[in-house]
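Participant: The file below is upload.txt, compact mmCIF, C-alpha atoms:
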# COMPACT_ATOMS: atom_id res chain seq x y z
CA MET A 1 -15.31 190.18 112.93
CA ARG A 2 -16.76 191.63 116.14
CA LYS A 3 -20.10 190.05 115.34
CA SER A 4 -18.41 186.66 114.92
CA ILE A 5 -16.70 186.99 118.31
CA LEU A 6 -19.97 188.03 119.99
CA LEU A 7 -21.92 185.13 118.51
CA THR A 8 -19.18 182.68 119.43
CA GLY A 9 -19.42 183.89 123.02
CA LEU A 10 -23.17 183.38 122.98
CA LEU A 11 -22.57 179.88 121.65
CA ALA A 12 -20.65 179.06 124.81
CA LEU A 13 -23.17 180.79 127.08
CA SER A 14 -26.07 178.81 125.63
CA TYR A 15 -24.72 175.63 127.18
CA ASN A 16 -24.88 177.20 130.64
CA ASN A 17 -28.57 177.99 130.12
CA THR A 18 -29.37 174.27 130.34
CA LEU A 19 -29.31 174.71 134.12
CA TYR A 20 -32.51 176.77 134.05
CA ALA A 21 -34.84 174.46 132.10
CA ASN A 22 -37.36 172.06 133.53
CA GLU A 23 -36.09 168.49 133.41
CA GLU A 24 -39.66 167.13 133.06
CA SER A 25 -40.34 168.74 129.66
CA SER A 26 -41.62 166.33 127.01
CA ILE A 27 -40.17 168.31 124.08
CA ASP A 28 -37.21 166.33 122.78
CA PRO A 29 -36.07 167.60 119.32
CA GLY A 30 -32.74 165.79 119.66
CA ASP A 31 -34.66 162.53 119.18
CA MET A 32 -35.09 162.47 115.40
CA THR A 33 -37.73 159.75 115.59
CA LYS A 34 -40.03 162.43 117.04
CA VAL A 35 -41.39 165.32 114.95
CA TYR A 36 -42.70 168.70 116.10
CA THR A 37 -44.47 171.75 114.73
CA GLN A 38 -42.34 174.83 115.39
CA VAL A 39 -41.57 178.44 114.47
CA GLY A 40 -38.28 180.26 114.87
CA ALA A 41 -35.80 182.91 113.76
CA SER A 42 -32.05 183.45 113.82
CA ILE A 43 -29.25 185.85 112.86
CA ASP A 44 -25.74 184.90 111.77
CA SER A 45 -22.29 186.47 111.76
CA ASP A 46 -22.79 187.64 108.15
CA SER A 47 -25.86 189.61 109.32
CA ASN A 48 -28.31 187.31 107.54
CA ILE A 49 -31.74 186.92 109.13
CA LYS A 50 -33.55 183.59 108.88
CA ALA A 51 -37.23 182.79 109.47
CA LEU A 52 -38.15 179.12 109.82
CA GLY A 53 -41.02 176.83 110.64
CA SER A 54 -42.16 173.23 110.41
CA LEU A 55 -45.38 171.26 110.30
CA SER A 56 -45.43 167.67 111.55
CA GLY A 57 -47.93 164.87 111.94
CA THR A 58 -48.81 161.20 111.53
CA TYR A 59 -50.67 159.50 108.70
CA SER A 60 -53.34 156.86 109.30
CA ASN A 61 -50.78 154.11 108.67
CA SER A 62 -48.58 155.51 111.51
CA ASP A 63 -45.98 157.02 109.17
CA ASN A 64 -44.54 160.24 110.60
CA PHE A 65 -43.97 163.26 108.37
CA LEU A 66 -42.18 166.59 108.72
CA LEU A 67 -42.45 169.59 106.40
CA TYR A 68 -39.70 172.14 107.18
CA GLY A 69 -39.17 175.52 105.55
CA GLU A 70 -36.76 178.43 105.95
CA ALA A 71 -36.21 181.76 104.22
CA VAL A 72 -33.06 183.88 104.53
CA PHE A 73 -32.83 187.64 104.06
CA GLY A 74 -29.65 189.69 103.85
CA ASP A 75 -27.50 191.91 101.66
CA THR A 76 -28.07 191.12 97.96
CA HIS A 77 -24.65 192.55 97.09
CA PHE A 78 -23.02 189.67 99.01
CA HIS A 79 -20.98 191.90 101.30
CA ASP A 80 -20.23 189.95 104.47
CA GLU A 81 -21.56 191.54 107.69
CA ASP A 82 -23.69 194.14 105.86
CA TYR A 83 -27.27 194.15 107.10
CA GLY A 84 -30.12 193.91 104.63
CA LEU A 85 -33.67 192.63 104.27
CA ASP A 86 -33.49 191.56 100.63
CA TYR A 87 -34.46 187.98 99.82
CA SER A 88 -31.46 185.62 99.69
CA ASN A 89 -32.57 181.98 99.62
CA THR A 90 -35.29 179.49 100.52
CA ARG A 91 -35.20 175.82 101.46
CA LEU A 92 -38.22 173.52 101.78
CA GLN A 93 -37.74 169.94 103.02
CA TYR A 94 -40.17 167.04 103.42
CA PHE A 95 -39.44 163.79 105.25
CA GLN A 96 -41.70 160.79 105.71
CA ALA A 97 -40.55 157.68 107.58
CA LYS A 98 -42.07 154.41 108.69
CA THR A 99 -41.04 151.72 111.16
CA THR A 100 -39.59 148.56 109.58
CA SER A 101 -38.82 145.01 110.67
CA ILE A 102 -35.17 145.45 109.65
CA SER A 103 -33.09 145.49 112.83
CA ALA A 104 -30.19 147.47 111.30
CA LEU A 105 -32.54 150.09 109.79
CA PRO A 106 -35.55 150.45 112.13
CA LYS A 107 -36.92 153.40 110.12
CA ILE A 108 -36.82 154.01 106.37
CA GLY A 109 -38.45 156.83 104.47
CA PHE A 110 -38.69 159.30 101.60
CA SER A 111 -37.18 162.78 101.33
CA ALA A 112 -37.75 165.81 99.10
CA ASP A 113 -35.57 168.92 99.28
CA LEU A 114 -36.24 172.11 97.28
CA ILE A 115 -33.64 174.91 97.26
CA HIS A 116 -33.80 178.31 95.61
CA SER A 117 -30.92 180.73 96.03
CA GLU A 118 -29.86 184.11 94.71
CA LEU A 119 -26.26 183.99 93.44
CA PRO A 120 -23.65 186.62 92.49
CA GLU A 121 -24.54 187.63 88.93
CA ILE A 122 -22.44 186.30 86.06
CA PRO A 123 -22.97 188.24 82.79
CA HIS A 124 -24.82 186.30 80.07
CA TYR A 125 -25.72 183.50 82.52
CA GLY A 126 -27.95 184.79 85.32
CA ASP A 127 -28.00 185.08 89.08
CA ASP A 128 -29.96 182.25 90.70
CA MET A 129 -30.26 178.50 91.35
CA SER A 130 -33.37 176.30 91.69
CA ILE A 131 -32.88 172.59 92.42
CA ILE A 132 -34.88 169.71 93.87
CA SER A 133 -33.52 166.54 95.45
CA LEU A 134 -35.58 163.36 95.78
CA GLY A 135 -34.23 160.44 97.75
CA THR A 136 -34.36 158.10 100.69
CA VAL A 137 -33.62 158.52 104.38
CA ALA A 138 -33.09 155.85 107.03
CA MET A 139 -32.23 155.46 110.69
CA ILE A 140 -29.20 153.38 111.66
CA SER A 141 -29.92 151.19 114.67
CA GLN A 142 -28.42 152.56 117.88
CA GLU A 143 -27.01 149.09 118.41
CA TYR A 144 -24.29 150.32 116.02
CA THR A 145 -24.20 154.03 116.90
CA GLY A 146 -24.34 153.84 120.71
CA LYS A 147 -25.80 156.94 122.31
CA PHE A 148 -25.80 158.78 118.99
CA MET A 149 -28.79 158.89 116.65
CA ALA A 150 -27.90 158.80 112.93
CA PHE A 151 -30.01 159.24 109.80
CA PRO A 152 -28.21 159.01 106.39
CA ASN A 153 -29.90 160.65 103.39
CA ILE A 154 -29.08 160.02 99.70
CA ALA A 155 -30.90 161.81 96.87
CA TYR A 156 -30.87 162.49 93.13
CA THR A 157 -30.70 166.22 92.37
CA LYS A 158 -31.96 168.10 89.32
CA GLY A 159 -32.64 171.74 88.47
CA GLU A 160 -31.28 174.93 87.00
CA MET A 161 -28.22 176.98 87.91
CA TYR A 162 -27.16 180.19 86.16
CA GLY A 163 -29.66 179.36 83.40
CA GLU A 164 -28.14 175.92 82.73
CA ASP A 165 -29.87 172.59 83.32
CA VAL A 166 -27.90 170.62 85.93
CA ASP A 167 -28.23 167.32 87.75
CA GLY A 168 -26.25 165.20 90.17
CA TYR A 169 -26.64 163.87 93.68
CA MET A 170 -26.70 164.92 97.31
CA SER A 171 -25.68 162.89 100.36
CA ALA A 172 -26.20 163.99 103.96
CA LEU A 173 -25.91 162.58 107.46
CA TYR A 174 -27.96 163.82 110.43
CA ILE A 175 -26.41 162.96 113.81
CA THR A 176 -27.68 164.02 117.25
CA HIS A 177 -26.70 163.21 120.83
CA ARG A 178 -28.35 164.28 124.09
CA ILE A 179 -25.92 165.99 126.49
CA SER A 180 -28.15 166.91 129.45
CA SER A 181 -31.06 165.57 131.47
CA ASN A 182 -33.17 168.53 130.27
CA ARG A 183 -32.88 167.21 126.69
CA ALA A 184 -30.26 169.69 125.47
CA TYR A 185 -28.43 168.11 122.55
CA VAL A 186 -25.68 168.53 119.99
CA GLY A 187 -26.09 167.85 116.30
CA LEU A 188 -23.60 167.24 113.48
CA PHE A 189 -24.91 167.55 109.92
CA PRO A 190 -22.44 167.04 107.04
CA GLU A 191 -23.77 167.44 103.48
CA TYR A 192 -22.13 166.84 100.09
CA MET A 193 -23.54 167.89 96.71
CA SER A 194 -22.28 167.41 93.16
CA LEU A 195 -23.95 169.12 90.17
CA SER A 196 -23.04 169.40 86.50
CA GLY A 197 -24.61 170.31 83.17
CA GLY A 198 -23.96 172.59 80.23
CA ASP A 199 -21.02 174.88 81.05
CA ILE A 200 -21.35 174.27 84.81
CA GLU A 201 -19.70 171.96 87.30
CA ARG A 202 -20.18 172.48 91.03
CA GLU A 203 -19.04 170.45 94.01
CA SER A 204 -19.70 171.49 97.60
CA PHE A 205 -19.24 170.16 101.10
CA LYS A 206 -20.98 171.73 104.10
CA VAL A 207 -20.93 170.77 107.77
CA LYS A 208 -23.04 172.18 110.61
CA LEU A 209 -22.38 171.81 114.33
CA LEU A 210 -25.48 172.60 116.41
CA LEU A 211 -26.01 173.09 120.14
CA ALA A 212 -29.63 173.42 121.31
CA THR A 213 -31.02 173.88 124.82
CA PRO A 214 -34.44 174.71 126.34
CA ILE A 215 -34.58 178.07 128.15
CA THR A 216 -38.07 178.04 129.69
CA ASP A 217 -39.75 175.88 132.32
CA THR A 218 -42.23 174.54 129.77
CA GLY A 219 -39.38 173.39 127.53
CA ARG A 220 -41.08 174.87 124.46
CA LEU A 221 -38.67 177.76 123.83
CA TRP A 222 -35.16 176.70 122.77
CA LEU A 223 -31.93 178.57 122.16
CA THR A 224 -29.90 177.27 119.22
CA SER A 225 -26.26 177.94 118.38
CA THR A 226 -24.79 176.81 115.07
CA PHE A 227 -21.34 176.82 113.52
CA GLU A 228 -21.31 176.17 109.77
CA HIS A 229 -18.39 175.70 107.38
CA GLN A 230 -18.69 175.26 103.62
CA GLU A 231 -16.20 174.57 100.84
CA SER A 232 -17.23 174.65 97.20
CA LYS A 233 -15.60 174.35 93.80
CA PHE A 234 -17.41 176.01 90.91
CA THR A 235 -16.53 176.00 87.21
CA ILE A 236 -18.50 177.79 84.49
CA ALA A 237 -17.42 178.09 80.84
CA ASP A 238 -13.89 176.86 81.70
CA SER A 239 -13.50 179.55 84.39
CA ASN A 240 -12.34 177.75 87.53
CA ASN A 241 -13.21 179.39 90.87
CA ASP A 242 -11.37 176.67 92.83
CA TRP A 243 -12.38 175.78 96.40
CA GLN A 244 -14.09 178.62 98.24
CA ASN A 245 -14.21 178.44 102.03
CA THR A 246 -16.80 180.21 104.16
CA SER A 247 -17.60 179.94 107.88
CA ARG A 248 -20.28 181.52 110.00
CA VAL A 249 -21.88 181.38 113.44
CA GLU A 250 -25.64 181.57 113.92
CA MET A 251 -27.79 182.22 117.00
CA GLY A 252 -31.53 181.61 117.07
CA LEU A 253 -34.70 180.81 118.97
CA LYS A 254 -37.23 178.06 118.26
CA TYR A 255 -40.67 177.68 119.78
CA TYR A 256 -42.28 174.23 119.72
CA LEU A 257 -46.08 174.34 119.50
Could you show the structure in this file as structure tokens?

Facilitator:
Amino acid sequence: MRKSILLTGLLALSYNNTLYANEESSIDPGDMTKVYTQVGASIDSDSNIKALGSLSGTYSNSDNFLLYGEAVFGDTHFHDEDYGLDYSNTRLQYFQAKTTSISALPKIGFSADLIHSELPEIPHYGDDMSIISLGTVAMISQEYTGKFMAFPNIAYTKGEMYGEDVDGYMSALYITHRISSNRAYVGLFPEYMSLSGGDIERESFKVKLLLATPITDTGRLWLTSTFEHQESKFTIADSNNDWQNTSRVEMGLKYYL
């Protein structure tokens, strides 16, 4: 609980740090039409440690791409707020988008999302999940969203969970809005996933609220503060776990190369 209070305080303090960054920096991660290569790390209120990085670029046909990866390490016994360096989960995402002549959707692209996660063990079933989602992503014209930038993402999902083959779909929405002349921004990222197969049915909803601000004159080093809430309903072999609510706060640093 004390860690949650401390991180929440840092979340508020990070907004004040926008006063110390150079307004002329060209790094603008809140603009999702731009892609950057970066490295970073964070810690959350459940004492999980995350390492992350991305590789970005442009193909010869002017399509932009972004390859993003993160790995989380924590307590494998799933005790909240216990420190640990055991592997917990990995997520690898790939986005490729191109400019279109459609005024309502100025950018349309392809997405791939690979998730592997260690789960609390269930006897006779296993203790992990590996799924991949393949879909499409698009930008909604700011003629309709105002000062907000919005990218919806819809994907078909297939994989394995607790040793059972599952499939379903994932839908997500990436929304950002600049809040300061130094390019500090807020982001809202809701995500819904539905999976079923064999003895398993799982439905989950997750939402992230992000605040990011540069903290150096070059604008390359950024402080990020995230609040995340998730609700999930999981049924296996007619055992209903009902909706499970979890919330956490995360603080991190990102360096844009």

Participant: Skipping near chain neighbours, those fewer than 2 positions away, what residues fall within 12 Å of Glu228 in chain A using only C-alpha atoms, listed as a ChimeraX atom specification?

Facilitator: /A:8,44-46,187-191,205-211,225-226,230-231,245-251

Participant: Residues within 7 Å of Tyr255 in chain A, please, as number ranges by chain. Count all atoms listed in the file; anything in the same chain fewer than 5 positions from it doesn't count.

Facilitator: A: 38-40, 220-222

Participant: Would you mind reading off the distance between CA of Glu203 in chain A and CA of Phe234 in chain A, one decimal, in Å?

Facilitator: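 Atom-to-atom, CA of Glu203 in chain A to CA of Phe234 in chain A, that is 6.6 Å.
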
Participant: Produce a table with one row for each residue of range 87-201 of chain A that has an atom at most 7 Å from any atom of range 70-76 of chain A, each row naming the nearest atom pair and its distance in Å at one decimal; use all atoms listed in the file; arrange rows by chain and rising residue number; format as CSV.

Facilitator:
residue,atom,partner,partner_atom,distance
A:Tyr87,CA,A:Phe73,CA,4.6
A:Ser88,CA,A:Phe73,CA,5.0
A:Asn89,CA,A:Val72,CA,5.3
A:Thr90,CA,A:Ala71,CA,4.4
A:Arg91,CA,A:Glu70,CA,5.4
A:Leu92,CA,A:Glu70,CA,6.6

Participant: Kindly give the distance, in Å, that separates CA of Ile175 in chain A and CA of Met149 in chain A, rounded to a single decimal.

Facilitator: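 CA of Met149 in chain A lies at a distance of 5.5 Å from CA of Ile175 in chain A.
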
Participant: Please determine, counting all atoms listed in the file, which residue among A:Lys107, A:Glu160, A:Thr37, A:Ala184 has the shortest atom-to-atom distance to Asp127 in chain A.

Facilitator: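 Checking each candidate against Asp127 in chain A, we get A:Glu160 as the closest.
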
Participant: Residues near Tyr256 in chain A, anyone? I mean within 12 Å using all atoms listed in the file, not counting same-chain ones fewer than 5 positions away, as a count of residues only.

Facilitator: 24

Participant: Excluding Arg178 in chain A and its own-chain neighbours fewer than 3 positions away, which residues fall within 9 Å of it when counting only C-alpha atoms? Please give them as a list in words.

Facilitator: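 In the requested form, the answer reads Gly30, Asp31, Lys147, Phe148, Ser181, Asn182, Arg183, Ala184, Tyr185, Val186 and Gly187 of chain A.
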
Participant: Might you pull out every residue within 9 Å of Asp199 in chain A, with all atoms listed in the file counted and same-chain residues fewer than 6 positions away left off, and present them as a list in words?

Facilitator: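 Here the qualifying residues turn out to be Glu164, Thr235, Ile236, Ala237 and Asp238 of chain A.
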
Participant: Could you please determine the separation between CA of Ala150 in chain A and CA of Tyr174 in chain A in Å, to one decimal place?

Facilitator: 5.6 Å

Participant: Measuring between all atoms listed in the file, which one of A:Met193, A:Val137, A:Leu253, A:Met161 shows the shortest distance to Ile108 in chain A?

Facilitator: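 Once distances to Ile108 in chain A are computed over all atoms listed in the file, the minimum belongs to A:Val137.
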
Participant: Find the residue from A:Gly146, A:Gly109, A:Gly69, A:Gly163 that sits nearest to Ile122 in chain A; use all atoms listed in the file when measuring.

Facilitator: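 Ranked by minimum distance to Ile122 in chain A, first place goes to A:Gly163.
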
Participant: From the set A:Tyr68, A:Tyr144, A:Tyr94, A:Tyr162, which residue has the shortest atom-to-atom contact distance to Met129 in chain A, counting only C-alpha atoms?

Facilitator: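 Ranked by minimum distance to Met129 in chain A, first place goes to A:Tyr162.
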
Participant: As lines of an AutoDock Vina configuration file, please report the centre and edge lengths, rounded to one decimal in Å, of the axis-aligned box that holds all listed atoms of range 203-219 of chain A with 6 Å of padding on each of the six sides.

Facilitator:
center_x = -30.6
center_y = 174.1
center_z = 113.2
size_x = 35.2
size_y = 19.9
size_z = 50.3

Participant: With all atoms listed in the file as the atoms that count, which of A:Asn241, A:Ala172, A:Gly159, A:Phe151 lies nearest to Asp128 in chain A?

Facilitator: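 Going through A:Asn241, A:Ala172, A:Gly159, A:Phe151 one by one, the smallest distance to Asp128 in chain A is for A:Gly159.
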